[in-house]
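Here's the structure, in structure tokens; my notes come after.
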Amino acid sequence: MNEQLPSLMDTYRDHFSIGAAISTRTMDVYSDLILKQFDSLTAENEMKFAELQPEPSHYDFSKADTIMGFARENGKKVRGHTLVWHNQTTNWVFTNAEGELVTREELLERMQSHIETVVGRYKGQIYAWDVVNEAIEDHSETYLRPSKWLQIIGPDFIDKAFEYAHLADPDALLFYNDYNETNPTKRKKIIRLVRELQDRGVPIHGIGLQAHWNIYGPSLAEIEEALQDYASLGLPLHITELDLSVFRFEDRRTDVKEPSHAMLEAQAEAYDGIFQLFRAYRAHIDNVTFWGVADDYTWLDDFPVRGRKNWPFLFDEQHKPKESFFRVVDF
Ligand code: GLA
């Protein structure tokens with residue numbers, strides 16, 4: 001039956017590329033699905049700062065190289081993720097031998113040498129990089145998220161990251177990437193940031209919308225408003241980390257051991273509407289990447305609720321297409 005199964009990447013070839021986040025483990029577990037369904041890959045964790053440079057000047061590219069090799073052998077494009085982030089960045093980056101915070105100059109130097117080394121290594125092989133991840137504060141009136149990068153360097157840490165990445169690979173497309181991107185308050189701040197970068201001539205080439213959503217929201221109206229708003233900046237959009245949790249964010253239940261029929265129906269309905277919108281905005285959207293492949297593994301297992309499984313994708317735990325899949329390929 002799988003022989004006859006439509007392919008996401010082929011179905012969407014004229015719209016946008018279709019990606020999946022993988023690890024060195026899941027690229028083997030899902031190799032059949034990946035080869036047939038996805039034409040763009042992102043390393044879920046293997047290219048983050050702490051993974052690549054766990055200790056000063058000690059780089060470990062083994063896992064990232066394995067993923068790059070897999071992509072190359074199978075003709076898949078790679079999105080790089082991610083260069084500068086407040087998370088999964090080891091504390092040594094910000095401190096000196098005495099344990100004190102480094103100076104702005106020292107941190108800029110560390111940032112540049114990391115970016116040069118990483119982006120330089122995969123120059124010409126990674127078509128797009130998430131250069132800065134999640135620099136905007138979520139709820140409060142605060143604009144930028146408090147972080148060591150901001151505290152030590154100042155707000156232009158963002159400019160610098162893009163400039164260094166552009167120097168390291170002038171052909172790579174450079175993205176700002178964030179979540180809660182449809183939330184009206186946060187959206188305004190993301191748009192303000194991108195506009196300011198553009199006004200200062202910073203080499204930013206796209207906006208990454210993570211799209212960690214659920215079957216209850218954001219609503220299609222909210223998503224459309226957000227797409228419209230972001231599209232008005234004139235930069236390509238990538239949907240970078242799409243998944244649709246079957247739980248509301250506030251839902252803390254741990255007794256759901258399998259997705260109900262109603263959940264799967266609602267999910268299919270939501271995916272259907274979301275992809276209709278993505279198709280309508282195809283002139284602006286160049287890539288749609290899922291933050292995983294099939295329901296047997298997702299970062300949402302145990303997050304944000306310990307001991308709870310989730311089923312956010314188009315393929316089920318047996319790697320079989322769900323109703324959601326058929327709705328996405330049927331248009
Ligand atoms: C954020 C990051 C991703 C990943 C997810 C959770 O969205 O951008 O790299 O860590 O959180 O998997």
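Here's how to read the names in the structure tokens: chain A, B, ... by the order shown, residue numbers from 1 in each chain, ligand numbers from 1 in the order shown.
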
>> Residues contacting ligand 1 - anything with an atom at most 12 Å away, using only C-alpha atoms and all ligand atoms - can you give me those as a PyMOL selection string?
In response: chain A and resi 21-23+42-51+79-89+129-135+176-181+208-213+239-243+289-292+297-304

>> Residues within 8 Å of Thr182 of chain A, please, as number ranges by chain. Count only C-alpha atoms; anything in the same chain fewer than 3 positions from it doesn't count.
In response: A: 186-187, 218, 222-223, 225-226

>> Excluding Gly273 of chain A and its own-chain neighbours fewer than 6 positions away, which residues fall within 12 Å of it when counting only C-alpha atoms? Please give them as JSON, numbers by chain.
In response: {"A": [215, 217, 218, 219, 220, 221, 223, 224, 266, 267, 279, 280, 324, 327, 328, 330, 331]}

>> Based on the backbone DSSP call, show me all residues of segment 106-290 of chain A assigned helix (DSSP H, G or I), as a PyMOL selection string.
In response: chain A and resi 106-121+148-153+157-168+184-199+220-231+261-280

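Across the model, the gap from atom CA of Phe94 of chain A to atom CA of Arg145 of chain A is 16.5 Å.
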
> Where in segment 111-286 of chain A does DSSP assign strand (DSSP E or B), given as a ChimeraX atom specification?
Replying inline: /A:128-133,136,144,173-178,206-209,212-214,217,237-245,285-286

> If we count only C-alpha atoms, what is near segment 27-29 of chain A at a cut-off of 10 Å, once residues fewer than 2 positions away on the same chain are taken out, given as a list in words?
Replying inline: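 Close residues of segment 27-29 of chain A: Ala20, Ala21, Ile22, Ser23, Thr24, Arg25, Ser31, Asp32, Leu33, Ile34, Leu35, Leu41, Ala43, Thr66, Ile67, Phe70, Ala71, Val293, Ala294, Tyr297 and His319 of chain A.
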
> For Gln53 of chain A, which residue among A:Gln228, A:Thr142, A:Thr117, A:Asn74 is the nearest when counting only C-alpha atoms?
Replying inline: A:Thr117

> For the atom pair atom CA of Lys148 of chain A and atom CA of Glu100 of chain A, what is the interatomic distance in Å to one decimal place?
Replying inline: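 Result for atom CA of Lys148 of chain A versus atom CA of Glu100 of chain A: 12.2 Å, one decimal.
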
>> Which residues are near Phe315 of chain A? Cut-off 9 Å, only C-alpha atoms, ignore same chain within fewer than 3 positions. Put them as a ChimeraX atom specification.
In response: /A:293-296,311-312,318-325

Just write the chosen residues, all heavy atoms, as a short mmCIF file (atom, residue, chain, number, x, y, z; two decimals), in the first residue's frame.
data_model
loop_
_atom_site.label_atom_id
_atom_site.label_comp_id
_atom_site.auth_asym_id
_atom_site.auth_seq_id
_atom_site.Cartn_x
_atom_site.Cartn_y
_atom_site.Cartn_z
N VAL A 293 9.07 13.42 12.45
CA VAL A 293 8.59 12.67 11.28
C VAL A 293 7.30 11.93 11.58
O VAL A 293 6.30 12.08 10.87
CB VAL A 293 9.68 11.68 10.79
CG1 VAL A 293 9.15 10.84 9.64
CG2 VAL A 293 10.94 12.44 10.36
N ALA A 294 7.30 11.10 12.63
CA ALA A 294 6.12 10.28 12.94
C ALA A 294 5.91 10.24 14.46
O ALA A 294 6.81 10.58 15.23
CB ALA A 294 6.29 8.87 12.38
N ASP A 295 4.69 9.81 14.84
CA ASP A 295 4.26 9.95 16.23
C ASP A 295 5.00 9.09 17.25
O ASP A 295 4.80 9.25 18.45
CB ASP A 295 2.76 9.65 16.34
CG ASP A 295 1.90 10.78 15.79
OD1 ASP A 295 2.44 11.89 15.59
OD2 ASP A 295 0.69 10.55 15.55
N ASP A 296 5.85 8.15 16.81
CA ASP A 296 6.56 7.36 17.84
C ASP A 296 7.63 8.17 18.53
O ASP A 296 8.04 7.83 19.64
CB ASP A 296 7.15 6.06 17.26
CG ASP A 296 7.91 6.28 15.97
OD1 ASP A 296 7.45 7.06 15.11
OD2 ASP A 296 8.96 5.66 15.80
N TRP A 311 0.92 13.10 19.95
CA TRP A 311 0.83 12.53 18.59
C TRP A 311 0.63 13.67 17.60
O TRP A 311 -0.46 13.87 17.05
CB TRP A 311 -0.37 11.56 18.55
CG TRP A 311 -0.26 10.45 19.54
CD1 TRP A 311 0.35 9.24 19.35
CD2 TRP A 311 -0.76 10.44 20.89
NE1 TRP A 311 0.26 8.49 20.51
CE2 TRP A 311 -0.42 9.19 21.46
CE3 TRP A 311 -1.46 11.37 21.68
CZ2 TRP A 311 -0.75 8.84 22.78
CZ3 TRP A 311 -1.80 11.02 22.98
CH2 TRP A 311 -1.44 9.78 23.52
N PRO A 312 1.71 14.43 17.34
CA PRO A 312 1.52 15.70 16.61
C PRO A 312 1.70 15.66 15.09
O PRO A 312 1.55 16.69 14.44
CB PRO A 312 2.62 16.58 17.23
CG PRO A 312 3.72 15.61 17.56
CD PRO A 312 3.06 14.30 17.89
N GLN A 318 3.26 3.72 13.93
CA GLN A 318 3.74 2.64 13.04
C GLN A 318 4.25 3.21 11.70
O GLN A 318 4.47 2.45 10.75
CB GLN A 318 2.61 1.64 12.75
CG GLN A 318 2.40 0.59 13.83
CD GLN A 318 1.77 1.19 15.08
OE1 GLN A 318 0.76 1.89 14.99
NE2 GLN A 318 2.38 0.94 16.24
N HIS A 319 4.36 4.52 11.64
CA HIS A 319 4.84 5.21 10.44
C HIS A 319 3.83 5.16 9.30
O HIS A 319 4.18 5.37 8.14
CB HIS A 319 6.20 4.67 9.96
CG HIS A 319 7.26 4.68 11.02
ND1 HIS A 319 8.53 4.23 10.82
CD2 HIS A 319 7.22 5.08 12.33
CE1 HIS A 319 9.24 4.34 11.94
NE2 HIS A 319 8.47 4.85 12.87
N LYS A 320 2.58 4.85 9.64
CA LYS A 320 1.52 4.83 8.62
C LYS A 320 0.88 6.21 8.54
O LYS A 320 0.78 6.91 9.54
CB LYS A 320 0.44 3.81 9.02
CG LYS A 320 0.94 2.38 9.11
CD LYS A 320 0.86 1.73 7.74
CE LYS A 320 1.23 0.27 7.77
NZ LYS A 320 2.69 0.06 8.04
N PRO A 321 0.42 6.58 7.34
CA PRO A 321 -0.21 7.89 7.18
C PRO A 321 -1.50 8.00 8.00
O PRO A 321 -2.29 7.06 8.04
CB PRO A 321 -0.53 7.95 5.68
CG PRO A 321 -0.54 6.53 5.23
CD PRO A 321 0.44 5.80 6.10
N LYS A 322 -1.68 9.13 8.64
CA LYS A 322 -2.91 9.40 9.39
C LYS A 322 -3.90 10.13 8.48
O LYS A 322 -3.54 10.58 7.38
CB LYS A 322 -2.58 10.27 10.61
CG LYS A 322 -1.72 9.55 11.64
CD LYS A 322 -0.97 10.50 12.56
CE LYS A 322 -1.86 11.28 13.52
NZ LYS A 322 -1.04 12.15 14.40
N GLU A 323 -5.12 10.28 8.96
CA GLU A 323 -6.10 11.07 8.22
C GLU A 323 -5.51 12.46 7.88
O GLU A 323 -5.72 12.99 6.79
CB GLU A 323 -7.39 11.19 9.05
CG GLU A 323 -8.49 12.03 8.43
CD GLU A 323 -8.97 11.53 7.06
OE1 GLU A 323 -8.75 10.34 6.73
OE2 GLU A 323 -9.54 12.36 6.31
N SER A 324 -4.78 13.00 8.82
CA SER A 324 -4.14 14.32 8.60
C SER A 324 -3.30 14.32 7.32
O SER A 324 -3.31 15.28 6.55
CB SER A 324 -3.22 14.67 9.78
OG SER A 324 -3.98 14.92 10.93
N PHE A 325 -2.53 13.24 7.11
CA PHE A 325 -1.69 13.15 5.91
C PHE A 325 -2.56 13.25 4.66
O PHE A 325 -2.25 14.03 3.73
CB PHE A 325 -0.92 11.83 5.91
CG PHE A 325 -0.17 11.57 4.64
CD1 PHE A 325 1.10 12.10 4.43
CD2 PHE A 325 -0.75 10.81 3.62
CE1 PHE A 325 1.78 11.87 3.24
CE2 PHE A 325 -0.07 10.58 2.43
CZ PHE A 325 1.20 11.11 2.23
#

>> With distances taken over only C-alpha atoms, which residue among A:Tyr164, A:Trp149, A:Tyr216, A:Trp92 lies nearest Met263 of chain A?
In response: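 Smallest separation from Met263 of chain A among the options: A:Tyr216.
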
>> List as a PyMOL selection string the protein and nucleic acid residues near Ile18 of chain A, meaning an atom at most 10 Å away when only C-alpha atoms are counted, but skip any in the same chain fewer than 3 places from it.
In response: chain A and resi 8-13+15+37-41+77+239-240+286-290

>> When you look at segment 249-261 of chain A with a cut-off of 8 Å (counting only C-alpha atoms), what residues show up, excluding the ones that are within fewer than 4 positions of it in the same chain? I need them as a list in words.
In response: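 Listing them by chain and then by number gives Asn214, Glu265, Val305, Arg306, Gly307, Arg308, Lys309, Asn310 and Trp311 of chain A.
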
>> Counting only C-alpha atoms, which residue out of A:His114, A:Arg121, A:Arg192, A:Arg104 sits closest to Asp65 of chain A?
In response: A:Arg121

> Between atom CA of His166 of chain A and atom CA of Tyr127 of chain A, what is the distance, to one decimal in Å?
Replying inline: 12.1 Å

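Using only C-alpha atoms, the shortest contact distance between Asp156 of chain A and any of A:Glu196, A:Asp272, A:Asp169, A:Glu141 is found at A:Glu196.
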